[in-house]
Amino acid sequence: MILVFAEQRDGVLKKASKEAVSEGKRLSSKLSVPVAALLMGKGADQAVDEVKKFGPDKVFVMEGASLDQYSADGFAEATANVAKEQGATVILFPATTMGVDVSPRVAARVEAGLVSDITGLDVADGKLVAIKPVYSGKALATVKFKSDIQMVTLRSNVFPLEENSSAPEVTKVDAAGISPKGMVVSTELKEGGKVELGEAAIIVSGGRGLKGPENFPLIEEVARLLGGAVGASRAAVDAGWIEHSHQVGQTGKVVSPVVYIACGISGAIQHIAGMGSSKFIIAINKDEDAPIFNIASLGIVGDLFKIIPALTEELKKLA
Amino acid sequence: MNFLVFVKQVPDTETKIQIAGDGKSIVEDGVNFIVSPYDEIAIEEALLRKEALGGEITVATMGPNRGEAALRTALAMGCDKAVHLEDGAFEGADSFATAKALAAVVKKLNPDLVFFGKQGVGTDNTQVGQMVAEMAGFGHIGMCVKLEVDGDKIKGEREIEGGRETVEVSLPAVVVAQKGLNEPRYPALRGIMQAKRKPIEKLTVADLGLSADEVGAAGSRTEFASLELPPAREAGKKLEVEPEVAAKEIVAFLKNEAKAL
Ligand SMILES: Cc1cc2nc3c(=O)[nH]c(=O)nc-3n(C[C@H](O)[C@H](O)[C@H](O)COP(=O)(O)OP(=O)(O)OC[C@H]3O[C@@H](n4cnc5c(N)ncnc54)[C@H](O)[C@@H]3O)c2cc1C
């Protein structure tokens, strides 16, 4: 069986989880084994209808006091238990902050090979073959498994969503016996409605060319009009213009949106490491020799303080 | 308190990657190796904790002889002593086999608090800290951007999509450091001089009570079949036009090519 850890929070299924279940479904026909989705924690029950749309043959729902709050070791123990009981040979995780935190513990428990943040997946001789960017995307590794159980985390926005309605058997799994060592005691979410960087289809990113924190609203407005998220270069983050959680690059987030719009960003190797796998890149920079233009699908040479307001006007006309 | 920090030596982030003749590793000649940037944050956090609470910091690495330079850097920053897992049998380890060896170090040294960087820049896996925690039977705080030690437990904030969550774990525990936790210090000249006299203990597979088939390539659950350079991205059109025209071009591109509008 292919087991997909389908992250949900308070009944809301993550987009990255839908991508993971979609990929699980595709793998299930390649490997001729069933695919199951595992929903865990408070609200898991409410996410069942949503997860069904992506074609799982089975859904396991695990709720209980010990799983009400997220716990890396508790969630890992619960996942490993289901994997062992069901004889899972493949376990897929979305490469969300939760997937990244839990999956290594599961791998340690079930003695599986784990490849993180993969951008491609195939099957050869009945085993998985994963494509994984290494050296911050400067090289691509083809990774094979030696273990019986094979695990991967899937980079967001790479594996296509595919609706495939099914009528799966839904099984409740007992969470008793799980006693977490570490536990979330509080969660602080920023104002709702903002699109998360890792999940955004469009990212509008600002660098040192923005000149100061007072100019970030310029790109925030563009992001809002496009339904996208705001990113930043390390230069902008280090200057204290915007929080580190927005940093894209080698020491920030690795993103692969459909469109990445780089405004006043030169295109240092460490920045490209975080966004070089975007489907389309638009660069706005006043220096026609800026390295970012070497990878831009559309390059605009000019002053961002003139171009961005014009773009904002143009986008407002569409609204 | 007894602190243990694991570090990894990685190619400088400026390195231009070239694929070696075997088709699955990189050319190391001329590559400048550094302490992985996230591991510097891990070292700094251990130093801050020691300054507040007292105790001793051991820094450990697994890898070839050149790894000693990474240990010297950590010692120069202020760690007290070092452990170097150096044995041909450790070579070619994936995250699982690495964690197996490092968990044996944890068992041997019995620390209260273990620090890792979020990922080794290069393999970019974000796995080893959590795996070691699991193998050692410890709780952990992943992607930690704020940490408090409170008696026999720790409380830390970690980044999640759209916000932060606070995690509480009792000691002994593993902390996986994310950027934002602190600003790593530079080793001072005095520290560099002192580091030369600090001890580095070499450990082999046998010293850790492990067998050669549990570690290195033999103990790995995954293997690189090949390594390739990504397809070069072709630059598209580059325009230098009036702002209003540029704006229209961008919108047209979003609509027609990216199909994002
Ligand atoms: C270990 C390490 C890790 C790193 N990790 C990261 C990382 O994760 N992410 C990251 O981004 N960087 C990272 N860096 C830093 C990286 O090397 C660069 O310093 C950084 O990306 C530069 O940011 P920038 O492009 O905003 O600034 P700059 O390089 O200063 O570029 C600013 C650009 O803005 C343009 N500009 C200025 N004014 C205007 C205007 N009015 N209109 C249009 N264009 C204008 C300029 O022409 C220039 O190209 C790292 C570095 C190291 C050593």
# chains A, B, ... in the order shown; residues from 1 in each chain; ligands from 1
>>> residues_near_ligand(ligand="ligand 1", cutoff="8 Å", atoms="only C-alpha atoms and all ligand atoms", output="number ranges by chain")
A: 206-211, 232-236, 247-253, 263-274, 284-288, 290-292, 301-305; B: 12-14, 37
>>> closest_atom_pairs(of="chain A", to="chain B", cutoff="6 Å", atoms="only C-alpha atoms", output="Markdown table")
| residue | atom | partner | partner_atom | distance |
| --- | --- | --- | --- | --- |
| A:Thr97 | CA | B:Ile160 | CA | 5.6 |
| A:Pro104 | CA | B:Met131 | CA | 5.2 |
| A:Arg105 | CA | B:Met131 | CA | 5.1 |
| A:Ala108 | CA | B:Met131 | CA | 5.6 |
| A:Gly113 | CA | B:Arg221 | CA | 4.3 |
| A:Ser116 | CA | B:Asn125 | CA | 5.5 |
| A:Val134 | CA | B:Thr123 | CA | 5.2 |
| A:Tyr135 | CA | B:Gly122 | CA | 3.9 |
| A:Ala139 | CA | B:Leu229 | CA | 4.5 |
| A:Leu140 | CA | B:Glu228 | CA | 5.2 |
| A:Ala141 | CA | B:Leu227 | CA | 4.4 |
| A:Thr142 | CA | B:Ser226 | CA | 5.2 |
| A:Val143 | CA | B:Phe224 | CA | 4.5 |
| A:Lys144 | CA | B:Glu223 | CA | 5.4 |
| A:Phe145 | CA | B:Thr222 | CA | 4.4 |
| A:Lys146 | CA | B:Arg221 | CA | 4.9 |
| A:Ser147 | CA | B:Arg221 | CA | 5.0 |
| A:Lys181 | CA | B:Gly139 | CA | 5.2 |
| A:Gly182 | CA | B:Val169 | CA | 4.2 |
| A:Met183 | CA | B:Val167 | CA | 5.4 |
| A:Val184 | CA | B:Val167 | CA | 4.2 |
| A:Val185 | CA | B:Thr166 | CA | 5.7 |
| A:Ser186 | CA | B:Thr166 | CA | 5.2 |
| A:Thr187 | CA | B:Glu165 | CA | 4.2 |
| A:Glu188 | CA | B:Arg164 | CA | 5.3 |
| A:Leu189 | CA | B:Gly163 | CA | 4.3 |
| A:Lys190 | CA | B:Gly163 | CA | 5.5 |
| A:Glu196 | CA | B:Gly162 | CA | 5.8 |
| A:Asn294 | CA | B:Ala235 | CA | 5.2 |
| A:Ile295 | CA | B:Ala235 | CA | 4.9 |
| A:Ala296 | CA | B:Ala235 | CA | 5.2 |
| A:Ser297 | CA | B:Gly236 | CA | 4.2 |
| A:Leu298 | CA | B:Gly236 | CA | 5.4 |
| A:Gly299 | CA | B:Lys238 | CA | 4.3 |
| A:Ile300 | CA | B:Leu239 | CA | 5.0 |
| A:Val301 | CA | B:Glu240 | CA | 4.8 |
| A:Lys306 | CA | B:Pro243 | CA | 6.0 |
| A:Ile307 | CA | B:Pro243 | CA | 4.7 |
| A:Ala310 | CA | B:Glu244 | CA | 5.5 |
| A:Leu311 | CA | B:Ala247 | CA | 4.4 |
>>> write_last_selection(atoms="N, CA, C and O atoms", output="compact mmCIF listing (two decimals), in the first residue's frame")
# COMPACT_ATOMS: atom_id res chain seq x y z
N THR A 97 6.04 22.36 6.57
CA THR A 97 6.84 22.39 7.80
C THR A 97 6.50 21.17 8.68
O THR A 97 7.37 20.67 9.38
N PRO A 104 11.21 12.43 9.01
CA PRO A 104 12.44 11.74 9.39
C PRO A 104 12.25 10.81 10.59
O PRO A 104 12.89 9.76 10.70
N ARG A 105 11.35 11.21 11.51
CA ARG A 105 11.11 10.36 12.68
C ARG A 105 10.40 9.08 12.25
O ARG A 105 10.67 8.00 12.79
N ALA A 108 13.00 6.83 10.68
CA ALA A 108 13.82 6.18 11.70
C ALA A 108 13.06 5.00 12.32
O ALA A 108 13.63 3.95 12.58
N GLY A 113 14.31 4.43 3.82
CA GLY A 113 15.02 5.51 3.16
C GLY A 113 14.07 6.67 2.96
O GLY A 113 12.87 6.46 2.71
N SER A 116 14.05 13.94 0.66
CA SER A 116 13.26 15.14 0.98
C SER A 116 13.14 16.09 -0.18
O SER A 116 14.07 16.24 -0.96
N VAL A 134 19.88 19.16 -5.38
CA VAL A 134 20.90 19.26 -4.33
C VAL A 134 21.77 20.49 -4.61
O VAL A 134 21.66 21.09 -5.67
N TYR A 135 22.63 20.83 -3.67
CA TYR A 135 23.43 22.04 -3.79
C TYR A 135 22.53 23.20 -4.21
O TYR A 135 22.78 23.91 -5.17
N ALA A 139 22.43 21.25 -8.79
CA ALA A 139 22.51 19.93 -9.41
C ALA A 139 21.24 19.15 -9.07
O ALA A 139 20.53 19.48 -8.11
N LEU A 140 20.95 18.15 -9.88
CA LEU A 140 19.79 17.30 -9.64
C LEU A 140 20.27 15.88 -9.43
O LEU A 140 21.00 15.34 -10.26
N ALA A 141 19.87 15.27 -8.32
CA ALA A 141 20.27 13.90 -8.06
C ALA A 141 19.11 12.96 -8.39
O ALA A 141 17.95 13.27 -8.14
N THR A 142 19.46 11.82 -8.97
CA THR A 142 18.49 10.75 -9.15
C THR A 142 18.76 9.77 -8.02
O THR A 142 19.87 9.25 -7.89
N VAL A 143 17.77 9.55 -7.16
CA VAL A 143 18.00 8.76 -5.96
C VAL A 143 17.17 7.49 -5.99
O VAL A 143 15.99 7.51 -6.35
N LYS A 144 17.83 6.38 -5.66
CA LYS A 144 17.14 5.08 -5.60
C LYS A 144 17.09 4.59 -4.17
O LYS A 144 17.86 5.04 -3.32
N PHE A 145 16.22 3.64 -3.95
CA PHE A 145 16.02 3.12 -2.59
C PHE A 145 16.60 1.73 -2.42
O PHE A 145 16.50 0.90 -3.32
N LYS A 146 17.19 1.50 -1.25
CA LYS A 146 17.67 0.16 -0.93
C LYS A 146 16.77 -0.51 0.11
O LYS A 146 16.84 -1.70 0.33
N SER A 147 15.94 0.32 0.77
CA SER A 147 15.07 -0.21 1.84
C SER A 147 13.77 -0.73 1.26
O SER A 147 13.37 -0.35 0.16
N LYS A 181 6.35 13.24 23.44
CA LYS A 181 7.40 13.83 24.28
C LYS A 181 7.40 15.34 24.14
O LYS A 181 7.60 16.06 25.09
N GLY A 182 7.20 15.80 22.91
CA GLY A 182 7.17 17.24 22.67
C GLY A 182 5.80 17.59 22.13
O GLY A 182 5.20 16.82 21.40
N MET A 183 5.30 18.76 22.50
CA MET A 183 3.92 19.07 22.13
C MET A 183 3.79 20.56 21.88
O MET A 183 4.42 21.37 22.56
N VAL A 184 2.99 20.94 20.90
CA VAL A 184 2.72 22.36 20.68
C VAL A 184 1.85 22.87 21.82
O VAL A 184 0.84 22.26 22.17
N VAL A 185 2.25 23.98 22.43
CA VAL A 185 1.46 24.56 23.51
C VAL A 185 0.69 25.79 23.06
O VAL A 185 -0.31 26.16 23.68
N SER A 186 1.15 26.44 21.98
CA SER A 186 0.36 27.54 21.43
C SER A 186 0.75 27.79 19.98
O SER A 186 1.84 27.44 19.56
N THR A 187 -0.18 28.37 19.23
CA THR A 187 0.06 28.67 17.82
C THR A 187 -0.35 30.11 17.58
O THR A 187 -1.38 30.56 18.08
N GLU A 188 0.49 30.80 16.84
CA GLU A 188 0.20 32.19 16.56
C GLU A 188 0.20 32.37 15.05
O GLU A 188 1.24 32.26 14.42
N LEU A 189 -0.99 32.59 14.48
CA LEU A 189 -1.05 32.77 13.03
C LEU A 189 -1.21 34.24 12.73
O LEU A 189 -1.92 34.96 13.43
N LYS A 190 -0.49 34.68 11.71
CA LYS A 190 -0.63 36.08 11.31
C LYS A 190 -1.99 36.27 10.70
O LYS A 190 -2.66 35.32 10.33
N GLU A 196 0.40 31.96 1.73
CA GLU A 196 1.67 31.44 2.25
C GLU A 196 2.68 31.27 1.12
O GLU A 196 2.37 30.76 0.05
N ASN A 294 19.56 36.62 -16.71
CA ASN A 294 19.99 35.39 -17.39
C ASN A 294 19.00 34.25 -17.24
O ASN A 294 19.03 33.29 -18.00
N ILE A 295 18.15 34.33 -16.21
CA ILE A 295 17.19 33.24 -16.01
C ILE A 295 15.75 33.73 -16.13
O ILE A 295 14.81 32.98 -15.86
N ALA A 296 15.58 35.00 -16.49
CA ALA A 296 14.22 35.55 -16.54
C ALA A 296 13.51 35.19 -17.83
O ALA A 296 14.07 35.33 -18.92
N SER A 297 12.28 34.73 -17.71
CA SER A 297 11.47 34.45 -18.90
C SER A 297 11.05 35.78 -19.52
O SER A 297 10.86 35.87 -20.73
N LEU A 298 10.86 36.80 -18.67
CA LEU A 298 10.58 38.15 -19.16
C LEU A 298 11.41 39.11 -18.32
O LEU A 298 11.29 39.12 -17.09
N GLY A 299 12.25 39.88 -18.97
CA GLY A 299 13.09 40.84 -18.25
C GLY A 299 12.67 42.24 -18.57
O GLY A 299 12.46 42.59 -19.73
N ILE A 300 12.48 43.06 -17.54
CA ILE A 300 12.13 44.46 -17.75
C ILE A 300 13.26 45.30 -17.18
O ILE A 300 13.51 45.27 -15.96
N VAL A 301 13.94 46.04 -18.06
CA VAL A 301 15.03 46.90 -17.61
C VAL A 301 14.43 48.27 -17.32
O VAL A 301 13.84 48.89 -18.20
N LYS A 306 8.90 53.26 -11.01
CA LYS A 306 7.98 53.73 -12.06
C LYS A 306 7.16 52.55 -12.60
O LYS A 306 5.98 52.68 -12.88
N ILE A 307 7.83 51.38 -12.71
CA ILE A 307 7.17 50.24 -13.36
C ILE A 307 6.11 49.61 -12.45
O ILE A 307 5.02 49.26 -12.90
N ALA A 310 2.86 51.49 -12.35
CA ALA A 310 2.16 51.32 -13.63
C ALA A 310 1.52 49.93 -13.71
O ALA A 310 0.38 49.78 -14.18
N LEU A 311 2.25 48.94 -13.21
CA LEU A 311 1.72 47.57 -13.20
C LEU A 311 0.48 47.48 -12.30
O LEU A 311 -0.52 46.84 -12.65
>>> residues_around(residues="Leu121 of chain A", least_positions_apart="3", cutoff="12 Å", atoms="only C-alpha atoms", output="PyMOL selection string")
chain A and resi 20+23-24+26-27+30+90+92+115-118+124+127-132+141-144+150-155+158-159
>>> select_by_dssp(residues="segment 80-248 of chain B", states="helix (DSSP H, G or I)", output="tab-separated table (two decimals) with N, CA and C atoms, in the first residue's frame")
chain	number	residue	atom	x	y	z
B	88	GLY	N	36.82	5.03	7.39
B	88	GLY	CA	36.39	4.76	6.02
B	88	GLY	C	34.98	4.18	5.97
B	89	ALA	N	34.60	3.43	7.00
B	89	ALA	CA	33.29	2.78	7.00
B	89	ALA	C	32.14	3.78	7.05
B	90	PHE	N	32.41	5.02	7.51
B	90	PHE	CA	31.34	6.02	7.57
B	90	PHE	C	31.03	6.62	6.20
B	95	SER	N	21.17	10.02	4.97
B	95	SER	CA	20.73	10.59	6.25
B	95	SER	C	20.54	9.51	7.31
B	96	PHE	N	19.96	8.38	6.88
B	96	PHE	CA	19.65	7.31	7.84
B	96	PHE	C	20.93	6.78	8.48
B	97	ALA	N	21.92	6.45	7.64
B	97	ALA	CA	23.16	5.89	8.15
B	97	ALA	C	23.94	6.94	8.96
B	98	THR	N	23.82	8.20	8.56
B	98	THR	CA	24.45	9.28	9.32
B	98	THR	C	23.82	9.36	10.71
B	99	ALA	N	22.49	9.36	10.73
B	99	ALA	CA	21.78	9.47	12.00
B	99	ALA	C	22.12	8.30	12.93
B	100	LYS	N	22.28	7.14	12.34
B	100	LYS	CA	22.63	5.94	13.11
B	100	LYS	C	23.95	6.19	13.88
B	101	ALA	N	24.94	6.72	13.17
B	101	ALA	CA	26.24	6.96	13.78
B	101	ALA	C	26.13	8.08	14.82
B	102	LEU	N	25.43	9.15	14.47
B	102	LEU	CA	25.36	10.29	15.39
B	102	LEU	C	24.55	9.94	16.64
B	103	ALA	N	23.53	9.09	16.47
B	103	ALA	CA	22.74	8.68	17.63
B	103	ALA	C	23.62	7.88	18.60
B	104	ALA	N	24.59	7.16	18.05
B	104	ALA	CA	25.51	6.41	18.90
B	104	ALA	C	26.42	7.37	19.70
B	105	VAL	N	26.74	8.51	19.10
B	105	VAL	CA	27.52	9.53	19.81
B	105	VAL	C	26.68	10.11	20.96
B	106	VAL	N	25.40	10.34	20.68
B	106	VAL	CA	24.50	10.86	21.72
B	106	VAL	C	24.47	9.89	22.89
B	107	LYS	N	24.36	8.62	22.56
B	107	LYS	CA	24.29	7.60	23.60
B	107	LYS	C	25.57	7.59	24.45
B	108	LYS	N	26.68	7.75	23.77
B	108	LYS	CA	27.98	7.69	24.44
B	108	LYS	C	28.22	8.92	25.33
B	109	LEU	N	27.80	10.08	24.86
B	109	LEU	CA	28.12	11.33	25.59
B	109	LEU	C	27.02	11.76	26.55
B	128	VAL	N	18.47	14.79	9.44
B	128	VAL	CA	19.31	14.09	10.41
B	128	VAL	C	18.96	14.43	11.87
B	129	GLY	N	18.71	15.70	12.17
B	129	GLY	CA	18.38	16.09	13.55
B	129	GLY	C	17.17	15.33	14.08
B	130	GLN	N	16.11	15.30	13.26
B	130	GLN	CA	14.89	14.62	13.70
B	130	GLN	C	15.11	13.11	13.82
B	131	MET	N	15.88	12.55	12.89
B	131	MET	CA	16.14	11.10	12.93
B	131	MET	C	16.93	10.73	14.18
B	132	VAL	N	17.95	11.55	14.49
B	132	VAL	CA	18.75	11.27	15.68
B	132	VAL	C	17.86	11.36	16.93
B	133	ALA	N	16.99	12.36	16.96
B	133	ALA	CA	16.07	12.50	18.11
B	133	ALA	C	15.26	11.21	18.28
B	134	GLU	N	14.74	10.72	17.16
B	134	GLU	CA	13.92	9.51	17.23
B	134	GLU	C	14.75	8.31	17.69
B	135	MET	N	15.94	8.17	17.12
B	135	MET	CA	16.77	7.01	17.46
B	135	MET	C	17.26	7.09	18.91
B	136	ALA	N	17.45	8.30	19.42
B	136	ALA	CA	17.92	8.46	20.80
B	136	ALA	C	16.76	8.44	21.79
B	189	LEU	N	40.54	36.20	17.44
B	189	LEU	CA	41.91	35.71	17.29
B	189	LEU	C	42.30	34.84	18.49
B	190	ARG	N	41.92	35.33	19.69
B	190	ARG	CA	42.24	34.57	20.90
B	190	ARG	C	41.60	33.18	20.86
B	191	GLY	N	40.36	33.14	20.40
B	191	GLY	CA	39.65	31.87	20.28
B	191	GLY	C	40.36	30.93	19.31
B	192	ILE	N	40.84	31.51	18.21
B	192	ILE	CA	41.52	30.69	17.20
B	192	ILE	C	42.81	30.10	17.79
B	193	MET	N	43.53	30.92	18.57
B	193	MET	CA	44.75	30.43	19.21
B	193	MET	C	44.41	29.32	20.21
B	194	GLN	N	43.39	29.57	21.04
B	194	GLN	CA	43.00	28.57	22.06
B	194	GLN	C	42.53	27.27	21.42
B	195	ALA	N	41.85	27.40	20.28
B	195	ALA	CA	41.27	26.22	19.62
B	195	ALA	C	42.36	25.20	19.29
B	206	ALA	N	33.95	1.05	15.53
B	206	ALA	CA	34.06	0.14	16.67
B	206	ALA	C	33.94	0.90	17.99
B	207	ASP	N	34.54	2.11	18.05
B	207	ASP	CA	34.46	2.91	19.28
B	207	ASP	C	33.02	3.23	19.66
B	208	LEU	N	32.15	3.27	18.65
B	208	LEU	CA	30.75	3.61	18.91
B	208	LEU	C	29.89	2.37	19.15
B	212	ALA	N	30.19	-2.24	10.85
B	212	ALA	CA	30.41	-1.50	9.60
B	212	ALA	C	29.20	-1.55	8.68
B	213	ASP	N	28.36	-2.58	8.79
B	213	ASP	CA	27.21	-2.63	7.86
B	213	ASP	C	26.03	-1.77	8.33
B	214	GLU	N	26.16	-1.14	9.52
B	214	GLU	CA	25.08	-0.26	9.99
B	214	GLU	C	25.30	1.18	9.54
B	216	GLY	N	27.63	4.27	6.99
B	216	GLY	CA	28.19	4.51	5.67
B	216	GLY	C	27.27	4.02	4.56
B	217	ALA	N	27.87	3.76	3.40
B	217	ALA	CA	27.08	3.32	2.25
B	217	ALA	C	26.34	2.02	2.57
B	218	ALA	N	26.99	1.11	3.33
B	218	ALA	CA	26.37	-0.18	3.63
B	218	ALA	C	25.10	-0.02	4.46
B	219	GLY	N	25.09	0.96	5.36
B	219	GLY	CA	23.92	1.15	6.24
B	219	GLY	C	22.88	2.09	5.66
B	243	PRO	N	7.46	52.79	-18.71
B	243	PRO	CA	6.81	52.01	-17.64
B	243	PRO	C	5.42	51.49	-18.01
B	244	GLU	N	4.62	52.32	-18.69
B	244	GLU	CA	3.24	51.90	-19.01
B	244	GLU	C	3.27	50.72	-20.00
B	245	VAL	N	4.20	50.79	-20.91
B	245	VAL	CA	4.33	49.70	-21.90
B	245	VAL	C	4.82	48.44	-21.19
B	246	ALA	N	5.80	48.62	-20.29
B	246	ALA	CA	6.33	47.49	-19.53
B	246	ALA	C	5.21	46.81	-18.74
B	247	ALA	N	4.36	47.63	-18.12
B	247	ALA	CA	3.26	47.10	-17.31
B	247	ALA	C	2.33	46.25	-18.18
B	248	LYS	N	2.02	46.77	-19.38
B	248	LYS	CA	1.14	46.03	-20.29
B	248	LYS	C	1.78	44.71	-20.73
>>> residues_around(residues="segment 65-67 of chain B", least_positions_apart="2", cutoff="10 Å", atoms="only C-alpha atoms", output="list of chain:residue names")
B:Val7, B:Lys8, B:Gln9, B:Val10, B:Phe33, B:Ile34, B:Val35, B:Ala60, B:Thr61, B:Met62, B:Gly63, B:Ala69, B:Ala70, B:Leu71, B:Arg72, B:His84, B:Leu85, B:Glu86, B:Asp87
>>> atom_distance(atom1="atom CA of Gly151 of chain B", atom2="atom CA of Leu48 of chain B")
15.9 Å
>>> residues_around(residues="Glu220 of chain A", least_positions_apart="3", cutoff="12 Å", atoms="only C-alpha atoms", output="compact mmCIF listing (two decimals) with N, CA and C atoms, in the first residue's frame")
# COMPACT_ATOMS: atom_id res chain seq x y z
N LYS A 194 -3.74 36.04 4.06
CA LYS A 194 -2.48 36.18 3.33
C LYS A 194 -2.06 34.82 2.77
N VAL A 195 -1.53 34.86 1.57
CA VAL A 195 -1.13 33.62 0.92
C VAL A 195 0.25 33.21 1.42
N ILE A 202 1.84 32.52 -7.29
CA ILE A 202 2.55 33.71 -7.75
C ILE A 202 3.27 34.34 -6.55
N ILE A 203 4.53 34.66 -6.73
CA ILE A 203 5.28 35.33 -5.67
C ILE A 203 5.86 36.62 -6.22
N VAL A 204 5.64 37.70 -5.50
CA VAL A 204 6.23 38.99 -5.86
C VAL A 204 7.27 39.27 -4.80
N SER A 205 8.52 39.40 -5.24
CA SER A 205 9.61 39.43 -4.29
C SER A 205 10.40 40.73 -4.43
N GLY A 206 10.83 41.27 -3.29
CA GLY A 206 11.57 42.53 -3.31
C GLY A 206 12.96 42.39 -2.74
N LEU A 210 14.44 47.94 -3.45
CA LEU A 210 13.25 48.60 -2.90
C LEU A 210 13.62 49.75 -1.97
N PRO A 213 11.96 49.82 4.05
CA PRO A 213 10.75 49.09 4.45
C PRO A 213 9.49 49.82 3.99
N GLU A 214 9.58 51.15 3.87
CA GLU A 214 8.39 51.93 3.50
C GLU A 214 7.92 51.62 2.08
N ASN A 215 8.78 50.94 1.29
CA ASN A 215 8.39 50.65 -0.10
C ASN A 215 7.85 49.24 -0.31
N PHE A 216 7.90 48.41 0.73
CA PHE A 216 7.37 47.05 0.57
C PHE A 216 5.88 47.03 0.24
N PRO A 217 5.08 48.01 0.76
CA PRO A 217 3.67 48.02 0.36
C PRO A 217 3.47 48.05 -1.16
N ALA A 223 1.11 41.82 -5.10
CA ALA A 223 0.85 40.45 -4.66
C ALA A 223 -0.63 40.26 -4.35
N ARG A 224 -1.21 41.26 -3.69
CA ARG A 224 -2.61 41.16 -3.33
C ARG A 224 -3.49 41.09 -4.59
N LEU A 225 -3.20 41.97 -5.55
CA LEU A 225 -3.99 41.99 -6.78
C LEU A 225 -3.87 40.69 -7.56
N LEU A 226 -2.73 40.03 -7.44
CA LEU A 226 -2.51 38.78 -8.17
C LEU A 226 -2.88 37.55 -7.34
N GLY A 227 -3.29 37.77 -6.10
CA GLY A 227 -3.58 36.64 -5.22
C GLY A 227 -2.33 35.86 -4.87
N GLY A 228 -1.21 36.54 -4.81
CA GLY A 228 0.06 35.88 -4.54
C GLY A 228 0.63 36.22 -3.18
N ALA A 229 1.87 35.80 -2.97
CA ALA A 229 2.55 36.02 -1.70
C ALA A 229 3.76 36.93 -1.91
N VAL A 230 4.25 37.49 -0.79
CA VAL A 230 5.40 38.40 -0.86
C VAL A 230 6.67 37.67 -0.43
N GLY A 231 7.70 37.77 -1.26
CA GLY A 231 9.00 37.21 -0.91
C GLY A 231 10.02 38.33 -0.79
N ALA A 232 11.25 37.95 -0.44
CA ALA A 232 12.29 38.96 -0.28
C ALA A 232 13.66 38.33 -0.46
N ILE A 242 11.83 43.43 6.25
CA ILE A 242 10.76 42.43 6.24
C ILE A 242 11.25 41.21 7.01
N HIS A 246 9.93 35.58 5.10
CA HIS A 246 9.69 35.89 3.68
C HIS A 246 10.92 35.64 2.81
N ILE A 261 8.09 37.00 -9.51
CA ILE A 261 8.40 38.34 -10.01
C ILE A 261 9.45 38.95 -9.08
N CYS A 263 11.74 41.92 -8.00
CA CYS A 263 11.80 43.37 -8.15
C CYS A 263 13.00 43.91 -7.39
N ILE A 308 6.44 49.48 -11.18
CA ILE A 308 5.47 48.81 -10.30
C ILE A 308 4.17 49.60 -10.14
N PRO A 309 4.23 50.91 -9.94
CA PRO A 309 2.95 51.64 -9.91
C PRO A 309 2.16 51.50 -11.21
N THR A 312 0.58 48.14 -11.15
CA THR A 312 -0.55 48.14 -10.22
C THR A 312 -1.79 48.71 -10.90
>>> residues_around(residues="Ile41 of chain B", least_positions_apart="3", cutoff="7 Å", atoms="only C-alpha atoms", output="ChimeraX atom specification")
/B:37-38,44-45,117,177,182-184
>>> write_last_selection(atoms="N, CA and C atoms", output="compact mmCIF listing (two decimals), in the first residue's frame")
# COMPACT_ATOMS: atom_id res chain seq x y z
N PRO B 37 26.11 26.84 7.08
CA PRO B 37 25.64 28.06 7.74
C PRO B 37 24.64 27.82 8.88
N TYR B 38 23.77 26.85 8.73
CA TYR B 38 22.80 26.58 9.80
C TYR B 38 23.49 25.98 11.03
N GLU B 44 26.26 28.68 17.88
CA GLU B 44 26.02 29.93 18.62
C GLU B 44 24.99 29.71 19.73
N GLU B 45 23.95 28.95 19.42
CA GLU B 45 22.91 28.73 20.43
C GLU B 45 23.46 27.96 21.62
N GLY B 117 21.94 22.03 12.91
CA GLY B 117 21.43 23.04 11.98
C GLY B 117 20.29 22.43 11.20
N ALA B 177 18.18 24.07 14.56
CA ALA B 177 18.23 25.52 14.45
C ALA B 177 17.88 26.02 13.06
N ASN B 182 19.52 33.18 16.14
CA ASN B 182 20.56 34.07 16.67
C ASN B 182 21.44 34.53 15.52
N GLU B 183 22.39 35.37 15.84
CA GLU B 183 23.40 35.78 14.85
C GLU B 183 24.73 35.16 15.26
N PRO B 184 25.24 34.18 14.51
CA PRO B 184 26.48 33.54 14.94
C PRO B 184 27.65 34.52 15.03
>>> atom_distance(atom1="atom CA of Val59 of chain A", atom2="atom CA of Ala36 of chain A")
5.4 Å
